[in-house]
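Asks: Take a look at final02.cif, mmCIF, C-alpha atoms:
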data_run
loop_
_atom_site.label_atom_id
_atom_site.label_comp_id
_atom_site.auth_asym_id
_atom_site.auth_seq_id
_atom_site.Cartn_x
_atom_site.Cartn_y
_atom_site.Cartn_z
CA MET A 1 -47.17 -22.90 85.14
CA PRO A 2 -47.08 -21.85 81.48
CA ALA A 3 -50.40 -20.85 79.92
CA THR A 4 -49.96 -22.96 76.77
CA TYR A 5 -47.67 -25.70 75.59
CA ALA A 6 -45.84 -23.22 73.36
CA ASP A 7 -45.04 -21.10 76.42
CA LEU A 8 -42.84 -23.88 77.79
CA ALA A 9 -40.03 -22.85 75.44
CA ARG A 10 -40.74 -19.09 75.24
CA PRO A 11 -37.54 -17.11 75.81
CA ALA A 12 -37.47 -14.71 78.76
CA SER A 13 -35.98 -11.91 76.65
CA ARG A 14 -38.62 -9.54 75.29
CA ALA A 15 -37.02 -9.34 71.81
CA LEU A 16 -36.46 -13.08 71.56
CA GLY A 17 -39.97 -13.68 72.92
CA LEU A 18 -41.45 -11.53 70.14
CA LEU A 19 -39.40 -13.38 67.52
CA TYR A 20 -40.53 -16.69 69.05
CA ASP A 21 -44.17 -15.59 68.85
CA LEU A 22 -43.81 -14.57 65.21
CA LEU A 23 -42.20 -17.89 64.34
CA LEU A 24 -45.01 -19.77 66.09
CA ILE A 25 -47.63 -17.76 64.19
CA ALA A 26 -45.88 -18.52 60.90
CA ALA A 27 -45.54 -22.20 61.78
CA GLY A 28 -49.23 -22.36 62.74
CA SER A 29 -50.29 -20.91 59.40
CA VAL A 30 -48.05 -23.39 57.57
CA LEU A 31 -49.53 -26.32 59.52
CA VAL A 32 -53.07 -25.28 58.51
CA ALA A 33 -51.94 -24.78 54.89
CA LEU A 34 -50.46 -28.28 54.81
CA ALA A 35 -53.61 -29.75 56.37
CA ALA A 36 -55.67 -27.99 53.68
CA GLN A 37 -53.88 -30.00 51.02
CA VAL A 38 -55.35 -33.19 52.46
CA ALA A 39 -58.70 -32.47 50.83
CA VAL A 40 -61.38 -34.82 49.58
CA PRO A 41 -64.08 -33.17 47.45
CA LEU A 42 -67.54 -34.52 48.21
CA PRO A 43 -70.02 -34.61 45.31
CA PHE A 44 -73.04 -33.53 47.37
CA THR A 45 -71.54 -30.40 48.98
CA PRO A 46 -69.28 -27.48 48.10
CA VAL A 47 -67.43 -28.12 51.37
CA PRO A 48 -64.54 -30.58 51.02
CA TRP A 49 -63.42 -32.92 53.78
CA THR A 50 -59.99 -31.73 55.00
CA LEU A 51 -57.66 -32.00 57.94
CA GLN A 52 -57.89 -28.24 58.44
CA PRO A 53 -60.26 -28.34 61.43
CA LEU A 54 -57.85 -30.58 63.34
CA ALA A 55 -54.93 -28.29 62.50
CA VAL A 56 -56.89 -25.15 63.43
CA LEU A 57 -57.88 -26.56 66.81
CA LEU A 58 -54.37 -27.83 67.55
CA VAL A 59 -52.85 -24.47 66.58
CA GLY A 60 -55.26 -22.71 68.91
CA ALA A 61 -54.62 -25.09 71.79
CA LEU A 62 -50.84 -25.16 71.40
CA LEU A 63 -50.31 -21.45 70.77
CA GLY A 64 -53.09 -19.91 72.82
CA ALA A 65 -55.91 -17.56 71.89
CA ARG A 66 -54.02 -14.56 70.50
CA ARG A 67 -51.18 -16.36 68.72
CA GLY A 68 -53.56 -19.07 67.44
CA ALA A 69 -55.99 -16.50 66.02
CA ALA A 70 -53.07 -14.53 64.56
CA ALA A 71 -51.79 -17.68 62.83
CA LEU A 72 -55.19 -18.10 61.16
CA VAL A 73 -55.36 -14.44 60.15
CA ALA A 74 -51.91 -14.94 58.59
CA TYR A 75 -53.21 -18.06 56.81
CA LEU A 76 -56.16 -16.14 55.33
CA ALA A 77 -53.85 -13.29 54.25
CA GLU A 78 -51.49 -15.79 52.61
CA GLY A 79 -54.33 -17.31 50.62
CA ALA A 80 -55.81 -13.94 49.68
CA SER A 81 -52.41 -12.75 48.46
CA GLY A 82 -52.13 -15.64 46.01
CA LEU A 83 -50.37 -18.42 47.87
CA PRO A 84 -52.07 -21.79 47.17
CA VAL A 85 -52.84 -22.53 50.83
CA PHE A 86 -56.58 -23.15 50.75
CA ALA A 87 -58.14 -26.60 50.30
CA GLY A 88 -56.84 -28.37 47.23
CA GLY A 89 -54.35 -25.58 46.45
CA ALA A 90 -56.97 -22.86 45.92
CA PHE A 91 -55.95 -19.24 46.43
CA GLY A 92 -57.05 -15.67 45.92
CA VAL A 93 -60.17 -13.80 46.97
CA ALA A 94 -62.74 -16.15 45.39
CA PRO A 95 -62.56 -18.77 48.20
CA LEU A 96 -63.04 -15.93 50.69
CA LEU A 97 -66.31 -14.96 49.04
CA GLY A 98 -67.69 -18.35 48.00
CA PRO A 99 -69.73 -20.98 49.83
CA THR A 100 -66.86 -22.12 52.08
CA ALA A 101 -65.82 -18.61 53.17
CA GLY A 102 -67.64 -18.95 56.49
CA TYR A 103 -65.48 -21.92 57.40
CA LEU A 104 -62.31 -20.10 56.38
CA PHE A 105 -63.16 -17.01 58.42
CA GLY A 106 -64.47 -19.26 61.20
CA PHE A 107 -60.97 -20.64 61.65
CA VAL A 108 -59.98 -17.45 63.49
CA PRO A 109 -62.60 -17.55 66.28
CA ALA A 110 -62.34 -21.37 66.47
CA ALA A 111 -58.60 -21.12 67.18
CA PHE A 112 -59.24 -18.27 69.62
CA VAL A 113 -61.88 -20.22 71.59
CA THR A 114 -59.74 -23.36 71.74
CA GLY A 115 -56.67 -21.34 72.70
CA PHE A 116 -58.58 -19.40 75.36
CA LEU A 117 -59.66 -22.67 76.97
CA ALA A 118 -56.17 -24.17 76.67
CA GLU A 119 -54.73 -21.12 78.45
CA ARG A 120 -56.97 -22.05 81.35
CA GLY A 121 -55.66 -25.62 81.48
CA TRP A 122 -58.36 -27.35 79.44
CA ASP A 123 -55.70 -29.05 77.28
CA ARG A 124 -54.15 -31.05 80.10
CA ARG A 125 -56.73 -33.82 80.58
CA PHE A 126 -58.57 -35.96 78.06
CA PHE A 127 -62.16 -34.89 78.78
CA THR A 128 -61.48 -31.16 79.08
CA THR A 129 -59.31 -31.24 75.97
CA TRP A 130 -62.10 -32.93 74.06
CA ALA A 131 -64.56 -30.34 75.41
CA ALA A 132 -62.29 -27.47 74.27
CA MET A 133 -61.96 -29.05 70.84
CA ALA A 134 -65.73 -29.60 70.63
CA LEU A 135 -66.41 -25.95 71.51
CA GLY A 136 -63.84 -24.82 68.92
CA SER A 137 -65.50 -27.08 66.32
CA ALA A 138 -68.93 -25.73 67.24
CA THR A 139 -67.63 -22.20 66.71
CA LEU A 140 -66.23 -23.18 63.32
CA PHE A 141 -69.43 -24.89 62.21
CA ALA A 142 -71.58 -21.98 63.40
CA CYS A 143 -69.61 -19.61 61.16
CA GLY A 144 -69.44 -22.01 58.24
CA VAL A 145 -73.07 -23.10 58.23
CA ALA A 146 -74.33 -19.54 58.74
CA TRP A 147 -72.42 -18.35 55.66
CA LEU A 148 -73.26 -21.44 53.61
CA SER A 149 -76.96 -20.85 54.32
CA ARG A 150 -76.73 -17.75 52.10
CA PHE A 151 -76.12 -20.11 49.19
CA LEU A 152 -78.15 -23.19 50.16
CA GLY A 153 -80.74 -21.99 52.66
CA TRP A 154 -80.62 -23.01 56.31
CA GLN A 155 -81.72 -26.64 55.89
CA GLY A 156 -79.46 -27.12 52.88
CA ALA A 157 -76.50 -25.66 54.77
CA VAL A 158 -77.03 -28.00 57.71
CA ALA A 159 -77.45 -30.97 55.35
CA ALA A 160 -74.40 -30.12 53.23
CA GLY A 161 -72.15 -28.24 55.65
CA LEU A 162 -72.64 -29.88 59.03
CA LEU A 163 -74.17 -33.34 59.07
CA PRO A 164 -71.67 -35.03 56.71
CA PHE A 165 -68.78 -33.79 58.86
CA VAL A 166 -69.92 -34.44 62.44
CA VAL A 167 -68.52 -37.96 62.81
CA GLY A 168 -65.18 -37.03 61.24
CA ASP A 169 -64.86 -33.95 63.41
CA VAL A 170 -65.65 -35.87 66.58
CA LEU A 171 -62.86 -38.30 65.62
CA LYS A 172 -60.49 -35.35 65.04
CA GLN A 173 -61.45 -33.90 68.42
CA LEU A 174 -60.79 -37.24 70.12
CA LEU A 175 -57.41 -37.49 68.40
CA ALA A 176 -56.46 -34.06 69.71
CA ALA A 177 -57.76 -35.04 73.16
CA LEU A 178 -55.38 -38.00 73.10
CA ILE A 179 -52.37 -35.99 71.88
CA LEU A 180 -52.38 -32.83 73.99
CA PRO A 181 -52.53 -34.34 77.49
CA VAL A 182 -49.70 -36.70 76.53
CA LEU A 183 -47.60 -33.71 75.42
CA TRP A 184 -48.13 -32.10 78.81
CA ARG A 185 -47.09 -35.29 80.60
CA ILE A 186 -43.84 -35.58 78.62
CA ARG A 187 -43.09 -31.86 78.54
CA PRO A 188 -39.48 -30.80 78.74
CA GLU A 189 -38.33 -29.36 82.05
CA ARG A 190 -36.90 -25.85 82.02
#
Please rewrite the model in this file as structure tokens.

Replies:
Amino acid sequence: MPATYADLARPASRALGLLYDLLLIAAGSVLVALAAQVAVPLPFTPVPWTLQPLAVLLVGALLGARRGAAALVAYLAEGASGLPVFAGGAFGVAPLLGPTAGYLFGFVPAAFVTGFLAERGWDRRFFTTWAAMALGSATLFACGVAWLSRFLGWQGAVAAGLLPFVVGDVLKQLLAALILPVLWRIRPER
């Protein structure tokens, strides 16, 4: 049984397998960059509402821990190098140092955690998929709120960087929990 959904189509050849992995990593970073462009600034917080958390968790679950984390490292490098991949088309080093930097850097461990759990079959049933997504989200929020607290204090960070996003993130987690088990049920046979 393949470890992740992406492993279903992984070529047996070592060279082709490496190329496949690199293409998946690039595609994962592009998916997160596209999700970042669906951004709604909120007047009471420096943290915008985006589809990035959903994309990050799906990338982790679909690609696995190492490839998922690598896709998010690639995403951060793309933004740091000047590509407009961060929320609302932002780019450069400033977003990686500002109030939302903890969320950006938190994408890497969030994808890793979700991918680690998916590699162990947590992405094949609704409840375990939701649990994997919830743990990935918790990882992301822990990083984001911890960093944001440097700017707003702990209570301010929770009020501005966690509470306004909980309901939306639970809905994103549930959406992923509906999608991934269905993908496994309709998977192509090799």

Asks: So, counting only C-alpha atoms, which residue among A:Ala74, A:Ala177, A:Ala111, A:Ala160 is closest to A:Trp130?

Replies: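 Ranking A:Ala74, A:Ala177, A:Ala111, A:Ala160 by distance to A:Trp130, first place goes to A:Ala177.
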
Asks: What separation in Å, quoted to one decimal, exists between atom CA of A:Pro181 and atom CA of A:Ala61?

Replies: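 Distance between the two atoms: 11.1 Å.
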
Asks: Is there a way to get, as a ChimeraX atom specification, all residues within 10 Å of the point (-55.9, -23.0, 71.9) in file coordinates, counting all atoms listed in the file?

Replies: /A:3-5,56-69,110-123,129,132-133,136

Asks: Could you state which residues are captured by the PyMOL selection byres ((chain A and resi 95) around 12) in this file, as a PDB file with C-alpha atoms, in the coordinates of the input?

Replies:
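New file out_22.pdb:
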ATOM      1  CA  PRO A  46     -69.280 -27.480  48.100  1.00  0.00           C
ATOM      2  CA  VAL A  47     -67.430 -28.120  51.370  1.00  0.00           C
ATOM      3  CA  LEU A  76     -56.160 -16.140  55.330  1.00  0.00           C
ATOM      4  CA  ALA A  77     -53.850 -13.290  54.250  1.00  0.00           C
ATOM      5  CA  GLY A  79     -54.330 -17.310  50.620  1.00  0.00           C
ATOM      6  CA  ALA A  80     -55.810 -13.940  49.680  1.00  0.00           C
ATOM      7  CA  SER A  81     -52.410 -12.750  48.460  1.00  0.00           C
ATOM      8  CA  GLY A  82     -52.130 -15.640  46.010  1.00  0.00           C
ATOM      9  CA  PRO A  84     -52.070 -21.790  47.170  1.00  0.00           C
ATOM     10  CA  VAL A  85     -52.840 -22.530  50.830  1.00  0.00           C
ATOM     11  CA  PHE A  86     -56.580 -23.150  50.750  1.00  0.00           C
ATOM     12  CA  ALA A  87     -58.140 -26.600  50.300  1.00  0.00           C
ATOM     13  CA  GLY A  88     -56.840 -28.370  47.230  1.00  0.00           C
ATOM     14  CA  GLY A  89     -54.350 -25.580  46.450  1.00  0.00           C
ATOM     15  CA  ALA A  90     -56.970 -22.860  45.920  1.00  0.00           C
ATOM     16  CA  PHE A  91     -55.950 -19.240  46.430  1.00  0.00           C
ATOM     17  CA  GLY A  92     -57.050 -15.670  45.920  1.00  0.00           C
ATOM     18  CA  VAL A  93     -60.170 -13.800  46.970  1.00  0.00           C
ATOM     19  CA  ALA A  94     -62.740 -16.150  45.390  1.00  0.00           C
ATOM     20  CA  LEU A  96     -63.040 -15.930  50.690  1.00  0.00           C
ATOM     21  CA  LEU A  97     -66.310 -14.960  49.040  1.00  0.00           C
ATOM     22  CA  GLY A  98     -67.690 -18.350  48.000  1.00  0.00           C
ATOM     23  CA  PRO A  99     -69.730 -20.980  49.830  1.00  0.00           C
ATOM     24  CA  THR A 100     -66.860 -22.120  52.080  1.00  0.00           C
ATOM     25  CA  ALA A 101     -65.820 -18.610  53.170  1.00  0.00           C
ATOM     26  CA  GLY A 102     -67.640 -18.950  56.490  1.00  0.00           C
ATOM     27  CA  TYR A 103     -65.480 -21.920  57.400  1.00  0.00           C
ATOM     28  CA  LEU A 104     -62.310 -20.100  56.380  1.00  0.00           C
ATOM     29  CA  PHE A 105     -63.160 -17.010  58.420  1.00  0.00           C
TER      30      PHE A 105
END

Asks: Tell me, as a PyMOL selection string, which residues lie within 7 Å of A:Gly144, counting only C-alpha atoms; anything in the same chain fewer than 2 positions away does not count.

Replies: chain A and resi 100+102-103+106+140-142+146-148

Asks: Any chance you could model all heavy atoms for stretch 21-32 of chain A and send them as a compact mmCIF listing (two decimals), keeping the file's coordinate frame?

Replies:
# COMPACT_ATOMS: atom_id res chain seq x y z
N ASP A 21 -42.74 -15.69 69.15
CA ASP A 21 -44.17 -15.59 68.85
C ASP A 21 -44.43 -15.50 67.35
O ASP A 21 -45.32 -16.17 66.82
CB ASP A 21 -44.80 -14.39 69.55
CG ASP A 21 -44.88 -14.55 71.06
OD1 ASP A 21 -44.76 -15.69 71.55
OD2 ASP A 21 -45.05 -13.52 71.74
N LEU A 22 -43.64 -14.70 66.66
CA LEU A 22 -43.81 -14.57 65.21
C LEU A 22 -43.52 -15.88 64.49
O LEU A 22 -44.24 -16.24 63.54
CB LEU A 22 -42.92 -13.44 64.67
CG LEU A 22 -43.31 -12.03 65.11
CD1 LEU A 22 -42.26 -11.02 64.66
CD2 LEU A 22 -44.69 -11.66 64.59
N LEU A 23 -42.50 -16.59 64.94
CA LEU A 23 -42.20 -17.89 64.34
C LEU A 23 -43.32 -18.90 64.59
O LEU A 23 -43.67 -19.68 63.70
CB LEU A 23 -40.86 -18.43 64.86
CG LEU A 23 -39.62 -17.69 64.37
CD1 LEU A 23 -38.37 -18.18 65.10
CD2 LEU A 23 -39.46 -17.83 62.87
N LEU A 24 -43.89 -18.88 65.79
CA LEU A 24 -45.01 -19.77 66.09
C LEU A 24 -46.23 -19.45 65.22
O LEU A 24 -46.90 -20.36 64.72
CB LEU A 24 -45.41 -19.66 67.57
CG LEU A 24 -44.47 -20.29 68.58
CD1 LEU A 24 -44.97 -20.00 69.99
CD2 LEU A 24 -44.34 -21.78 68.36
N ILE A 25 -46.50 -18.18 65.03
CA ILE A 25 -47.63 -17.76 64.19
C ILE A 25 -47.41 -18.24 62.76
O ILE A 25 -48.32 -18.80 62.14
CB ILE A 25 -47.82 -16.23 64.28
CG1 ILE A 25 -48.36 -15.86 65.68
CG2 ILE A 25 -48.74 -15.72 63.17
CD1 ILE A 25 -48.28 -14.38 66.00
N ALA A 26 -46.19 -18.05 62.25
CA ALA A 26 -45.88 -18.52 60.90
C ALA A 26 -46.00 -20.04 60.81
O ALA A 26 -46.59 -20.57 59.85
CB ALA A 26 -44.48 -18.06 60.49
N ALA A 27 -45.48 -20.74 61.78
CA ALA A 27 -45.54 -22.20 61.78
C ALA A 27 -47.00 -22.68 61.85
O ALA A 27 -47.38 -23.65 61.19
CB ALA A 27 -44.74 -22.78 62.94
N GLY A 28 -47.81 -22.01 62.65
CA GLY A 28 -49.23 -22.36 62.74
C GLY A 28 -49.94 -22.20 61.42
O GLY A 28 -50.73 -23.06 61.01
N SER A 29 -49.65 -21.11 60.70
CA SER A 29 -50.29 -20.91 59.40
C SER A 29 -49.83 -21.95 58.39
O SER A 29 -50.62 -22.42 57.58
CB SER A 29 -50.03 -19.48 58.88
OG SER A 29 -48.69 -19.32 58.47
N VAL A 30 -48.57 -22.35 58.47
CA VAL A 30 -48.05 -23.39 57.57
C VAL A 30 -48.71 -24.74 57.87
O VAL A 30 -49.07 -25.49 56.96
CB VAL A 30 -46.51 -23.49 57.67
CG1 VAL A 30 -45.98 -24.74 56.98
CG2 VAL A 30 -45.86 -22.23 57.08
N LEU A 31 -48.88 -25.06 59.16
CA LEU A 31 -49.53 -26.32 59.52
C LEU A 31 -50.95 -26.39 58.95
O LEU A 31 -51.35 -27.40 58.37
CB LEU A 31 -49.57 -26.49 61.04
CG LEU A 31 -50.27 -27.75 61.53
CD1 LEU A 31 -49.53 -29.00 61.09
CD2 LEU A 31 -50.41 -27.71 63.04
N VAL A 32 -51.70 -25.30 59.05
CA VAL A 32 -53.07 -25.28 58.51
C VAL A 32 -53.03 -25.39 56.99
O VAL A 32 -53.84 -26.09 56.38
CB VAL A 32 -53.83 -24.03 58.99
CG1 VAL A 32 -55.20 -23.94 58.32
CG2 VAL A 32 -53.98 -24.05 60.51
